[in-house]
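**Student:** Let me give you the structure first, and then I'll get to my questions.
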Amino acid sequence: MTKCALLIMRDQQKPWKLKVLSCYLEGQKNSMDYSIQHLWAMGTAYGSVVDTHPYGPNIIIQKEDCVGHIQGRMGKHLKILVDQNKGKKLADGKQMTGKGRLTNKLINSFQVFYGMAIRKNKGDAVAMQKNVMAILFHYSSAKEEPQHQYCPEGELSWCKWQTDKVLGTCSYRPLKNPLSPVLIEMLKPVFEKLSSLQLLKGAEKCLTQNQNESLHHVIWSCLPKGEYHSSSEIQLGVALAVGHFNEGMNNYNSKLFDEMNLKLG
């Protein structure tokens, strides 16, 4: 069951700071563990909530990350790596980009496969980690030296080498330009960072912020960003926005008017 918590906190520098978070309530009736997912991928919302101990000092609040935002880090990190080494020659005398090297097309492929490695192993961070590292080794595989030991096994695997192994077929075609050992060593720190269990456990449930971003739109329609709003207006505006988002504007307003004994002409 998904709930929405509206936490309005006093701040020494700003009269009021609004923290709107999506709270993901887990477990059975007797469970005392809660998870919180931010509306924003960046920011201090999570830390601010943890510091207030909203459910008491003994309640564990676990941070959940948006799987889409996590996936995007692969492309971001690799593009930064390319920029850092632009015009430089690596240990093998070649540049990082170019034929058989780290192209934009390959970066996009890495990002897609990274997202697949997370989503197809929902609930299992260890399996996610193995599948993330499989991407790098798969692209370094040569006919004389296959590197598919980390690729997902079985006939449904994205790795043709693994499906051929199960089905006895010959659909796998070795890469014409596998990544060189020098390039692999350059890329390995990025893959190791993005396959850390600490990071992947935050995306283990494969949650997204799509609903949060939709809620944002409704909130800003009630409380335009460029205008000043008092604390009372913020509380009322957010409450109305959450009601409209959860139940629809007409349905929510109808219930609200009934509660207030108001009748529209």
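Here, A, B, ... name the chains of the structure tokens in the order displayed, residue numbers run from 1 inside each chain, and ligands are numbered from 1 in the same displayed order.
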Need to verify the contact set: region 114-128 of chain A, 7 Å, only C-alpha atoms, exclusion of same-chain residues closer than 4 positions in sequence. Can you return it as a list of chain:residue names?

**Tutor:** A:Gln71, A:Phe110, A:Val132, A:Leu197, A:Leu200, A:Lys201, A:Glu204, A:Lys205, A:Cys206

**Student:** Which residues are close to region 238-240 of chain A, i.e. within 9 Å by only C-alpha atoms, leaving aside same-chain residues fewer than 3 positions away? Reply as a PyMOL selection string.

**Tutor:** chain A and resi 6+20+218-220+222-223+233-235+243-245+249+252-253

**Student:** Take the residues that were just selected and, keeping N, CA and C atoms, output them as a compact mmCIF listing (two decimals), in the first residue's frame.

**Tutor:**
# COMPACT_ATOMS: atom_id res chain seq x y z
N LEU A 6 3.21 14.15 4.35
CA LEU A 6 3.48 15.57 4.17
C LEU A 6 4.16 16.06 5.44
N VAL A 20 7.82 16.67 0.70
CA VAL A 20 6.77 15.75 0.28
C VAL A 20 7.43 14.47 -0.19
N VAL A 218 0.64 17.91 -10.13
CA VAL A 218 -0.63 18.29 -9.51
C VAL A 218 -0.40 19.32 -8.40
N ILE A 219 0.66 19.10 -7.60
CA ILE A 219 0.96 20.03 -6.51
C ILE A 219 1.28 21.42 -7.06
N TRP A 220 2.12 21.48 -8.11
CA TRP A 220 2.50 22.79 -8.64
C TRP A 220 1.32 23.48 -9.32
N CYS A 222 -1.59 23.54 -8.04
CA CYS A 222 -2.29 24.17 -6.90
C CYS A 222 -1.43 25.26 -6.26
N LEU A 223 -0.12 25.04 -6.26
CA LEU A 223 0.82 25.96 -5.62
C LEU A 223 1.92 26.32 -6.61
N GLU A 233 -1.49 27.91 3.42
CA GLU A 233 -1.80 27.67 2.01
C GLU A 233 -1.08 26.42 1.50
N ILE A 234 0.15 26.24 1.95
CA ILE A 234 0.92 25.06 1.54
C ILE A 234 0.25 23.79 2.03
N GLN A 235 -0.14 23.78 3.31
CA GLN A 235 -0.78 22.59 3.87
C GLN A 235 -2.08 22.27 3.14
N GLY A 243 -5.22 14.53 -2.55
CA GLY A 243 -6.55 13.97 -2.72
C GLY A 243 -6.94 13.84 -4.18
N HIS A 244 -6.67 14.88 -4.97
CA HIS A 244 -6.97 14.84 -6.40
C HIS A 244 -6.15 13.77 -7.11
N PHE A 245 -4.89 13.63 -6.70
CA PHE A 245 -4.01 12.65 -7.34
C PHE A 245 -4.47 11.22 -7.04
N MET A 249 -10.03 14.47 -9.32
CA MET A 249 -10.54 15.74 -8.83
C MET A 249 -12.03 15.71 -8.54
N TYR A 252 -12.90 13.30 -5.54
CA TYR A 252 -12.43 13.82 -4.26
C TYR A 252 -13.23 15.05 -3.83
N ASN A 253 -13.46 15.96 -4.77
CA ASN A 253 -14.22 17.17 -4.43
C ASN A 253 -15.64 16.83 -4.00

**Student:** Between CA of Gln84 (chain A) and CA of Ser195 (chain A), measure the distance and give it in Å to one decimal.

**Tutor:**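 Straight-line distance from CA of Gln84 (chain A) to CA of Ser195 (chain A) works out to 21.7 Å.
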
**Student:** Taking the DSSP assignment computed from this structure's backbone, write out as a ChimeraX atom specification all residues of region 10-228 of chain A that belong to strand (DSSP E or B).

**Tutor:** /A:17-25,34-38,61-64

**Student:** Give me, as a VMD selection string, all polymer residues having an atom no more than 12 Å from Glu144 (chain A), counting only C-alpha atoms and skipping those fewer than 2 positions away in the same chain.

**Tutor:** chain A and resid 140 to 142 146 to 147 174 to 175 178

**Student:** Which is closer to Phe137 (chain A) than all the others in A:Lys188, A:Arg101, A:Lys165, A:Lys88, using only C-alpha atoms?

**Tutor:** A:Lys188

**Student:** Separation of CA of Gly237 (chain A) and CA of Thr52 (chain A), in Å?

**Tutor:**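 Between CA of Gly237 (chain A) and CA of Thr52 (chain A) the gap works out to 23.2 Å.
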
**Student:** With distances taken over only C-alpha atoms, which of A:Pro152, A:Gly168, A:Gly202, A:Pro224 is nearest to Ile135 (chain A)?

**Tutor:**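 Using only C-alpha atoms, Ile135 (chain A) sits closest to A:Pro152.
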
**Student:** Can you list, as a PyMOL selection string, every protein, DNA or RNA residue that comes within 12 Å of region 92-97 of chain A when you count only C-alpha atoms, leaving out same-chain residues fewer than 2 positions away?

**Tutor:** chain A and resi 78-90+99-107+179-187
